[in-house]
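start_1.cif, holding mmCIF, N, CA and C atoms and all ligand atoms:
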data_structure
#
loop_
_atom_site.label_atom_id
_atom_site.label_comp_id
_atom_site.auth_asym_id
_atom_site.auth_seq_id
_atom_site.Cartn_x
_atom_site.Cartn_y
_atom_site.Cartn_z
N MET A 1381 24.11 31.91 16.59
CA MET A 1381 22.99 31.25 17.21
C MET A 1381 21.78 32.20 17.25
N ASN A 1382 20.61 31.62 17.30
CA ASN A 1382 19.37 32.41 17.42
C ASN A 1382 18.94 32.40 18.87
N ILE A 1383 18.88 33.57 19.46
CA ILE A 1383 18.63 33.69 20.90
C ILE A 1383 17.32 34.42 21.15
N ALA A 1384 16.46 33.85 21.98
CA ALA A 1384 15.22 34.51 22.38
C ALA A 1384 15.40 35.15 23.76
N LEU A 1385 15.04 36.41 23.86
CA LEU A 1385 15.17 37.17 25.11
C LEU A 1385 13.78 37.62 25.54
N ILE A 1386 13.44 37.28 26.77
CA ILE A 1386 12.10 37.58 27.29
C ILE A 1386 12.25 37.98 28.76
N ALA A 1387 11.51 38.99 29.17
CA ALA A 1387 11.54 39.35 30.60
C ALA A 1387 10.17 39.86 31.03
N HIS A 1388 9.72 39.39 32.15
CA HIS A 1388 8.50 39.95 32.74
C HIS A 1388 8.79 41.36 33.26
N ASP A 1389 7.74 42.12 33.50
CA ASP A 1389 7.91 43.56 33.74
C ASP A 1389 8.89 43.86 34.87
N LYS A 1390 8.78 43.15 35.97
CA LYS A 1390 9.66 43.46 37.10
C LYS A 1390 11.09 42.97 36.88
N LYS A 1391 11.31 42.27 35.79
CA LYS A 1391 12.65 41.76 35.47
C LYS A 1391 13.26 42.47 34.26
N LYS A 1392 12.57 43.47 33.77
CA LYS A 1392 13.08 44.11 32.55
C LYS A 1392 14.36 44.89 32.80
N THR A 1393 14.48 45.49 33.96
CA THR A 1393 15.74 46.20 34.28
C THR A 1393 16.90 45.21 34.30
N ASP A 1394 16.67 44.05 34.89
CA ASP A 1394 17.72 43.01 34.89
C ASP A 1394 18.10 42.65 33.46
N MET A 1395 17.09 42.50 32.60
CA MET A 1395 17.37 42.11 31.21
C MET A 1395 18.15 43.20 30.49
N VAL A 1396 17.76 44.46 30.69
CA VAL A 1396 18.49 45.56 30.05
C VAL A 1396 19.94 45.58 30.54
N ASN A 1397 20.14 45.44 31.83
CA ASN A 1397 21.51 45.45 32.36
C ASN A 1397 22.31 44.26 31.85
N PHE A 1398 21.66 43.11 31.76
CA PHE A 1398 22.32 41.90 31.26
C PHE A 1398 22.76 42.08 29.81
N THR A 1399 21.86 42.59 28.99
CA THR A 1399 22.18 42.73 27.57
C THR A 1399 23.21 43.85 27.34
N LEU A 1400 23.16 44.87 28.18
CA LEU A 1400 24.21 45.91 28.11
C LEU A 1400 25.57 45.31 28.45
N ALA A 1401 25.59 44.53 29.52
CA ALA A 1401 26.86 43.96 29.98
C ALA A 1401 27.46 43.01 28.96
N TYR A 1402 26.60 42.29 28.23
CA TYR A 1402 27.10 41.27 27.30
C TYR A 1402 26.82 41.62 25.84
N SER A 1403 26.67 42.89 25.55
CA SER A 1403 26.33 43.27 24.17
C SER A 1403 27.43 42.87 23.18
N THR A 1404 28.67 42.83 23.63
CA THR A 1404 29.74 42.44 22.68
C THR A 1404 29.62 40.97 22.29
N ILE A 1405 29.06 40.16 23.15
CA ILE A 1405 28.80 38.76 22.79
C ILE A 1405 27.52 38.68 21.97
N LEU A 1406 26.48 39.33 22.46
CA LEU A 1406 25.17 39.21 21.82
C LEU A 1406 25.16 39.75 20.40
N LYS A 1407 26.02 40.72 20.10
CA LYS A 1407 26.00 41.32 18.76
C LYS A 1407 26.42 40.32 17.68
N ASN A 1408 27.04 39.23 18.08
CA ASN A 1408 27.46 38.20 17.13
C ASN A 1408 26.36 37.18 16.84
N HIS A 1409 25.18 37.39 17.42
CA HIS A 1409 24.10 36.42 17.29
C HIS A 1409 22.83 37.10 16.79
N THR A 1410 21.85 36.28 16.44
CA THR A 1410 20.57 36.81 15.97
C THR A 1410 19.61 36.81 17.14
N LEU A 1411 19.07 37.98 17.42
CA LEU A 1411 18.26 38.13 18.63
C LEU A 1411 16.77 38.27 18.30
N TYR A 1412 15.99 37.59 19.11
CA TYR A 1412 14.53 37.68 19.04
C TYR A 1412 14.02 38.04 20.42
N ALA A 1413 12.87 38.68 20.49
CA ALA A 1413 12.32 39.03 21.81
C ALA A 1413 10.83 39.24 21.72
N THR A 1414 10.17 39.10 22.87
CA THR A 1414 8.79 39.55 22.95
C THR A 1414 8.78 41.08 22.86
N GLY A 1415 7.61 41.65 22.56
CA GLY A 1415 7.51 43.05 22.15
C GLY A 1415 8.17 44.08 23.05
N THR A 1416 7.73 44.16 24.29
CA THR A 1416 8.24 45.22 25.16
C THR A 1416 9.68 44.95 25.58
N THR A 1417 9.99 43.71 25.83
CA THR A 1417 11.37 43.36 26.18
C THR A 1417 12.31 43.78 25.06
N GLY A 1418 11.95 43.46 23.83
CA GLY A 1418 12.80 43.79 22.69
C GLY A 1418 12.96 45.29 22.53
N GLU A 1419 11.89 46.01 22.75
CA GLU A 1419 11.94 47.47 22.62
C GLU A 1419 12.93 48.06 23.63
N LYS A 1420 12.84 47.59 24.86
CA LYS A 1420 13.72 48.13 25.91
C LYS A 1420 15.19 47.76 25.66
N ILE A 1421 15.41 46.54 25.22
CA ILE A 1421 16.80 46.12 24.93
C ILE A 1421 17.36 46.95 23.79
N ASN A 1422 16.56 47.11 22.74
CA ASN A 1422 17.04 47.88 21.58
C ASN A 1422 17.33 49.33 21.94
N GLU A 1423 16.45 49.91 22.74
CA GLU A 1423 16.67 51.31 23.18
C GLU A 1423 17.98 51.45 23.94
N ALA A 1424 18.24 50.47 24.82
CA ALA A 1424 19.40 50.58 25.71
C ALA A 1424 20.71 50.21 25.03
N THR A 1425 20.65 49.23 24.13
CA THR A 1425 21.90 48.67 23.58
C THR A 1425 22.12 49.00 22.12
N GLY A 1426 21.04 49.30 21.41
CA GLY A 1426 21.15 49.50 19.96
C GLY A 1426 21.27 48.19 19.19
N LEU A 1427 21.22 47.06 19.88
CA LEU A 1427 21.31 45.77 19.20
C LEU A 1427 20.08 45.55 18.33
N PRO A 1428 20.26 45.02 17.11
CA PRO A 1428 19.09 44.71 16.29
C PRO A 1428 18.35 43.49 16.86
N ILE A 1429 17.04 43.59 16.93
CA ILE A 1429 16.24 42.51 17.52
C ILE A 1429 14.98 42.33 16.71
N GLN A 1430 14.67 41.10 16.38
CA GLN A 1430 13.36 40.85 15.77
C GLN A 1430 12.34 40.71 16.89
N ARG A 1431 11.39 41.62 16.90
CA ARG A 1431 10.40 41.64 17.98
C ARG A 1431 9.10 40.97 17.56
N PHE A 1432 8.57 40.19 18.50
CA PHE A 1432 7.26 39.59 18.30
C PHE A 1432 6.23 40.41 19.07
N GLU A 1433 5.02 39.91 19.16
CA GLU A 1433 3.99 40.58 19.96
C GLU A 1433 4.42 40.60 21.43
N SER A 1434 3.80 41.46 22.19
CA SER A 1434 4.01 41.43 23.63
C SER A 1434 3.56 40.06 24.17
N GLY A 1435 4.18 39.64 25.26
CA GLY A 1435 3.87 38.32 25.81
C GLY A 1435 2.37 38.05 25.98
N PRO A 1436 1.66 38.92 26.69
CA PRO A 1436 0.24 38.66 26.91
C PRO A 1436 -0.59 38.65 25.63
N LEU A 1437 -0.03 39.18 24.56
CA LEU A 1437 -0.76 39.23 23.28
C LEU A 1437 -0.29 38.16 22.29
N GLY A 1438 0.48 37.19 22.79
CA GLY A 1438 0.85 36.07 21.92
C GLY A 1438 2.34 35.93 21.64
N GLY A 1439 3.15 36.83 22.18
CA GLY A 1439 4.58 36.79 21.90
C GLY A 1439 5.27 35.50 22.35
N ASP A 1440 4.86 34.99 23.51
CA ASP A 1440 5.47 33.73 23.97
C ASP A 1440 5.13 32.60 23.00
N GLN A 1441 3.91 32.62 22.50
CA GLN A 1441 3.50 31.57 21.56
C GLN A 1441 4.25 31.70 20.24
N GLN A 1442 4.51 32.93 19.82
CA GLN A 1442 5.26 33.10 18.57
C GLN A 1442 6.69 32.57 18.71
N ILE A 1443 7.28 32.80 19.86
CA ILE A 1443 8.62 32.24 20.08
C ILE A 1443 8.53 30.72 20.18
N GLY A 1444 7.49 30.22 20.82
CA GLY A 1444 7.28 28.76 20.87
C GLY A 1444 7.20 28.16 19.48
N ALA A 1445 6.52 28.85 18.58
CA ALA A 1445 6.40 28.34 17.21
C ALA A 1445 7.78 28.28 16.54
N LYS A 1446 8.62 29.24 16.82
CA LYS A 1446 9.98 29.22 16.25
C LYS A 1446 10.80 28.07 16.84
N ILE A 1447 10.56 27.75 18.11
CA ILE A 1447 11.25 26.61 18.71
C ILE A 1447 10.81 25.32 18.00
N ALA A 1448 9.53 25.23 17.72
CA ALA A 1448 9.00 24.01 17.08
C ALA A 1448 9.55 23.82 15.68
N THR A 1449 9.98 24.90 15.04
CA THR A 1449 10.55 24.79 13.70
C THR A 1449 12.08 24.88 13.72
N ASN A 1450 12.65 24.68 14.91
CA ASN A 1450 14.11 24.61 15.08
C ASN A 1450 14.82 25.92 14.70
N GLU A 1451 14.18 27.02 14.99
CA GLU A 1451 14.77 28.33 14.64
C GLU A 1451 15.26 29.11 15.86
N ILE A 1452 15.21 28.50 17.03
CA ILE A 1452 15.73 29.15 18.24
C ILE A 1452 16.70 28.16 18.90
N ASP A 1453 17.89 28.67 19.29
CA ASP A 1453 18.92 27.80 19.89
C ASP A 1453 19.02 27.97 21.40
N LEU A 1454 18.55 29.07 21.92
CA LEU A 1454 18.71 29.38 23.34
C LEU A 1454 17.60 30.34 23.77
N VAL A 1455 17.01 30.07 24.93
CA VAL A 1455 15.98 30.97 25.47
C VAL A 1455 16.44 31.51 26.81
N ILE A 1456 16.52 32.83 26.89
CA ILE A 1456 16.83 33.50 28.16
C ILE A 1456 15.55 34.24 28.58
N PHE A 1457 14.94 33.75 29.63
CA PHE A 1457 13.59 34.20 30.02
C PHE A 1457 13.63 34.58 31.49
N PHE A 1458 13.71 35.86 31.75
CA PHE A 1458 13.71 36.32 33.15
C PHE A 1458 12.27 36.40 33.64
N ARG A 1459 11.88 35.34 34.34
CA ARG A 1459 10.51 35.24 34.82
C ARG A 1459 10.37 35.94 36.17
N ASP A 1460 9.18 36.43 36.41
CA ASP A 1460 8.85 37.00 37.72
C ASP A 1460 8.06 35.95 38.49
N PRO A 1461 8.69 35.35 39.50
CA PRO A 1461 8.00 34.27 40.22
C PRO A 1461 7.02 34.77 41.26
N LEU A 1462 6.95 36.07 41.43
CA LEU A 1462 6.13 36.63 42.52
C LEU A 1462 4.89 37.37 42.03
N THR A 1463 4.68 37.37 40.72
CA THR A 1463 3.53 38.09 40.16
C THR A 1463 2.76 37.16 39.23
N ALA A 1464 1.45 37.05 39.44
CA ALA A 1464 0.63 36.22 38.55
C ALA A 1464 0.56 36.86 37.17
N GLN A 1465 0.69 36.04 36.14
CA GLN A 1465 0.66 36.54 34.76
C GLN A 1465 -0.65 36.08 34.10
N PRO A 1466 -1.33 36.96 33.40
CA PRO A 1466 -2.61 36.56 32.78
C PRO A 1466 -2.43 35.50 31.71
N HIS A 1467 -1.23 35.43 31.15
CA HIS A 1467 -0.98 34.50 30.04
C HIS A 1467 -0.09 33.33 30.51
N GLU A 1468 -0.28 32.93 31.75
CA GLU A 1468 0.51 31.82 32.30
C GLU A 1468 0.49 30.56 31.42
N PRO A 1469 -0.65 30.20 30.82
CA PRO A 1469 -0.63 29.01 29.95
C PRO A 1469 0.35 29.15 28.78
N ASP A 1470 0.48 30.37 28.26
CA ASP A 1470 1.42 30.58 27.14
C ASP A 1470 2.86 30.40 27.61
N ILE A 1471 3.13 30.87 28.83
CA ILE A 1471 4.48 30.77 29.39
C ILE A 1471 4.83 29.29 29.60
N SER A 1472 3.88 28.55 30.18
CA SER A 1472 4.11 27.11 30.38
C SER A 1472 4.32 26.40 29.06
N ALA A 1473 3.56 26.79 28.06
CA ALA A 1473 3.67 26.14 26.74
C ALA A 1473 5.05 26.41 26.14
N LEU A 1474 5.54 27.61 26.28
CA LEU A 1474 6.87 27.95 25.75
C LEU A 1474 7.94 27.11 26.44
N MET A 1475 7.85 27.01 27.75
CA MET A 1475 8.86 26.24 28.48
C MET A 1475 8.74 24.75 28.15
N ARG A 1476 7.53 24.30 27.96
CA ARG A 1476 7.33 22.89 27.59
C ARG A 1476 7.99 22.59 26.24
N LEU A 1477 7.85 23.49 25.29
CA LEU A 1477 8.45 23.26 23.98
C LEU A 1477 9.97 23.24 24.06
N CYS A 1478 10.54 24.04 24.96
CA CYS A 1478 11.99 23.96 25.17
C CYS A 1478 12.38 22.54 25.58
N ASP A 1479 11.57 21.95 26.44
CA ASP A 1479 11.86 20.58 26.88
C ASP A 1479 11.60 19.56 25.76
N VAL A 1480 10.56 19.79 25.00
CA VAL A 1480 10.27 18.86 23.89
C VAL A 1480 11.44 18.81 22.91
N TYR A 1481 12.01 19.99 22.61
CA TYR A 1481 13.04 20.08 21.57
C TYR A 1481 14.45 20.22 22.11
N GLN A 1482 14.63 20.03 23.42
CA GLN A 1482 15.97 20.09 24.04
C GLN A 1482 16.65 21.43 23.79
N ILE A 1483 15.89 22.49 23.93
CA ILE A 1483 16.45 23.83 23.75
C ILE A 1483 16.87 24.37 25.11
N PRO A 1484 18.13 24.77 25.25
CA PRO A 1484 18.57 25.33 26.53
C PRO A 1484 17.71 26.53 26.94
N LEU A 1485 17.24 26.48 28.18
CA LEU A 1485 16.36 27.53 28.72
C LEU A 1485 16.88 27.94 30.09
N VAL A 1486 17.07 29.22 30.29
CA VAL A 1486 17.36 29.71 31.65
C VAL A 1486 16.28 30.71 32.01
N THR A 1487 15.90 30.70 33.27
CA THR A 1487 14.77 31.53 33.68
C THR A 1487 15.16 32.56 34.74
N ASN A 1488 16.46 32.75 34.93
CA ASN A 1488 16.87 33.79 35.88
C ASN A 1488 18.28 34.27 35.53
N LEU A 1489 18.66 35.36 36.17
CA LEU A 1489 19.93 36.00 35.86
C LEU A 1489 21.13 35.10 36.13
N GLY A 1490 21.05 34.32 37.20
CA GLY A 1490 22.17 33.43 37.52
C GLY A 1490 22.43 32.43 36.40
N GLY A 1491 21.35 31.82 35.90
CA GLY A 1491 21.50 30.88 34.79
C GLY A 1491 21.99 31.57 33.53
N ALA A 1492 21.51 32.77 33.33
CA ALA A 1492 21.90 33.50 32.11
C ALA A 1492 23.39 33.83 32.12
N GLU A 1493 23.93 34.16 33.28
CA GLU A 1493 25.36 34.48 33.38
C GLU A 1493 26.20 33.28 32.93
N VAL A 1494 25.79 32.10 33.34
CA VAL A 1494 26.52 30.89 32.96
C VAL A 1494 26.33 30.62 31.47
N MET A 1495 25.10 30.75 31.02
CA MET A 1495 24.77 30.40 29.63
C MET A 1495 25.48 31.31 28.63
N ILE A 1496 25.56 32.58 28.94
CA ILE A 1496 26.18 33.51 27.98
C ILE A 1496 27.68 33.24 27.86
N ARG A 1497 28.28 32.84 28.96
CA ARG A 1497 29.71 32.49 28.91
C ARG A 1497 29.90 31.18 28.14
N ALA A 1498 28.99 30.26 28.33
CA ALA A 1498 29.05 28.99 27.58
C ALA A 1498 28.89 29.26 26.08
N LEU A 1499 28.00 30.16 25.77
CA LEU A 1499 27.79 30.54 24.37
C LEU A 1499 29.07 31.12 23.78
N ASP A 1500 29.68 32.03 24.52
CA ASP A 1500 30.89 32.69 24.04
C ASP A 1500 32.06 31.71 23.91
N ALA A 1501 32.04 30.66 24.73
CA ALA A 1501 33.12 29.68 24.70
C ALA A 1501 32.91 28.62 23.62
N GLY A 1502 31.81 28.72 22.89
CA GLY A 1502 31.57 27.79 21.79
C GLY A 1502 30.83 26.52 22.19
N PHE A 1503 30.23 26.52 23.38
CA PHE A 1503 29.55 25.31 23.86
C PHE A 1503 28.25 25.03 23.13
N PHE A 1504 27.85 25.92 22.24
CA PHE A 1504 26.59 25.70 21.54
C PHE A 1504 26.79 25.11 20.14
N GLU A 1505 28.03 24.74 19.84
CA GLU A 1505 28.28 24.24 18.48
C GLU A 1505 27.48 22.98 18.18
N TRP A 1506 27.13 22.24 19.22
CA TRP A 1506 26.32 21.03 19.00
C TRP A 1506 25.00 21.34 18.31
N ARG A 1507 24.53 22.58 18.47
CA ARG A 1507 23.27 22.95 17.85
C ARG A 1507 23.38 22.92 16.31
N ASN A 1508 24.59 23.15 15.81
CA ASN A 1508 24.77 23.11 14.36
C ASN A 1508 24.70 21.69 13.82
N LEU A 1509 24.83 20.71 14.72
CA LEU A 1509 24.77 19.32 14.29
C LEU A 1509 23.33 18.80 14.25
N GLN A 1510 22.40 19.57 14.83
CA GLN A 1510 21.00 19.16 14.84
C GLN A 1510 20.44 19.27 13.43
N SER A 1511 19.66 18.32 13.02
CA SER A 1511 19.09 18.40 11.67
C SER A 1511 17.88 19.31 11.70
O1 LIG A 1601 5.04 38.69 29.12
C1 LIG A 1601 6.10 38.41 28.67
C2 LIG A 1601 6.59 37.02 28.67
O2 LIG A 1601 5.68 36.10 29.20
C3 LIG A 1601 6.99 39.43 28.10
O3 LIG A 1601 6.30 40.25 27.19
P1 LIG A 1601 6.83 41.70 26.88
O4 LIG A 1601 8.26 41.59 26.50
O5 LIG A 1601 6.01 42.24 25.75
O6 LIG A 1601 6.64 42.50 28.15
#
As structure tokens, what does this structure read like?
Ligand SMILES: O=C(CO)COP(=O)(O)O
Amino acid sequence: MNIALIAHDKKKTDMVNFTLAYSTILKNHTLYATGTTGEKINEATGLPIQRFESGPLGGDQQIGAKIATNEIDLVIFFRDPLTAQPHEPDISALMRLCDVYQIPLVTNLGGAEVMIRALDAGFFEWRNLQS
């Protein structure tokens, strides 16, 4: 599966710890990330990641474009609900496209814990049936 990993600054430690904890699952998938998130994950885990621009510089939109072309199967986005983001419209647009294309999206660690286990259990096979 193609997985997008994104974390706002105050959630990057959570993302690093999450990807470290589940690296044995994640290594079986193709990973994409916004710029700084991807850099931190790669440094910590050594997992190969295709990195886009940093979020405020268009990274969320680049991942949105991949969703629109059916190239992303799952989005794990650790959002910071307590800090205003300068690129909030881009974040909303990315989440909207997940809804447009029925792409599973989790926006916090609790959801990600469930989603990664579902992924490992094969619950994403329906994505292969999508045209
Ligand atoms: O801002 C982001 C998502 O909206 C994340 O971008 P970075 O991974 O470059 O910090």
Atom N of Pro1461 in chain A to atom C of Glu1493 in chain A, distance in Å rounded to a single decimal: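 The value is 18.8 Å.
Pairwise distance (CA of Ser1403 in chain A, CA of Gly1415 in chain A) equals 18.9 Å.
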When distances are computed from only N, CA and C atoms and all ligand atoms, which of A:Ile1386, A:Leu1485, A:Ala1445, A:Leu1477 shows the smallest separation from ligand LIG 1601 (chain A)? A:Ile1386
Compute the set of protein, DNA and RNA residues whose minimum atom distance to ligand LIG 1601 (chain A) is at most 7 Å, using all atoms listed in the file, and state it as an NGL selection string. :A and (1385-1389 or 1413-1419 or 1432-1437 or 1439-1440 or 1467 or 1470-1471)
For a test of reading the model, state the distance in Å between atom C of Lys1390 in chain A and CA of Asn1422 in chain A, rounded to one decimal. 17.1 Å
Please report, as a Markdown table, each residue of range 1436-1480 of chain A lying at most 8 Å from range 1489-1492 of chain A, together with the nearest pair of atoms and the separation in Å rounded to one decimal; use all atoms listed in the file, and order rows by chain and ascending residue number.
| residue | atom | partner | partner_atom | distance |
| --- | --- | --- | --- | --- |
| A:Val1455 | C | A:Ala1492 | CA | 7.9 |
| A:Ile1456 | CA | A:Ala1492 | CA | 6.4 |
| A:Phe1457 | C | A:Leu1489 | N | 6.9 |
| A:Phe1458 | CA | A:Leu1489 | N | 5.9 |
| A:Arg1459 | N | A:Leu1489 | N | 7.0 |
I'd like the contact shell of Pro1484 in chain A - 6 Å cut-off, all atoms listed in the file, skipping same-chain residues fewer than 2 positions apart - returned as a list in words. Asp1453, Leu1454, Val1455, Gln1482 and Val1486 of chain A
Per DSSP on the backbone, filter chain A down to the residues in helix (DSSP H, G or I) and report them as number ranges by chain. A: 1389-1401, 1403-1406, 1415-1425, 1435-1437, 1439-1448, 1468-1480, 1489-1500, 1505-1509
List as a count of residues only the protein and nucleic acid residues near Ile1452 in chain A, meaning an atom at most 8 Å away when all atoms listed in the file are counted, but skip any in the same chain fewer than 6 places from it. 9
Mind the document's chain letters and residue numbers, and return as a ChimeraX atom specification the residues of chain A that DSSP labels strand (DSSP E). /A:1382-1387,1410-1413,1430-1431,1454-1458,1485-1486
Take every atom of range 1389-1405 of chain A listed in the file, pad by 4 Å on each side, and give me the axis-aligned box centre and edge lengths in Å, one decimal, as lines of an AutoDock Vina configuration file.
center_x = 18.7
center_y = 42.4
center_z = 29.5
size_x = 30.0
size_y = 15.5
size_z = 23.1
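Proximity to Ala1498 in chain A was assessed for A:Leu1400, A:Val1480, A:Ala1464, A:Ile1405 counting only C-alpha atoms; the smallest distance is recorded for A:Ile1405.
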Point out the residue among A:Glu1423, A:Asp1500, A:Asn1450, A:Gly1438 with the least atom-to-atom distance to Ala1473 in chain A, counting only C-alpha atoms. A:Gly1438
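With all atoms listed in the file as the basis for measurement, A:Leu1427 is the residue among A:Leu1427, A:Ala1448, A:Asp1394, A:Lys1420 that approaches Lys1407 in chain A most closely.
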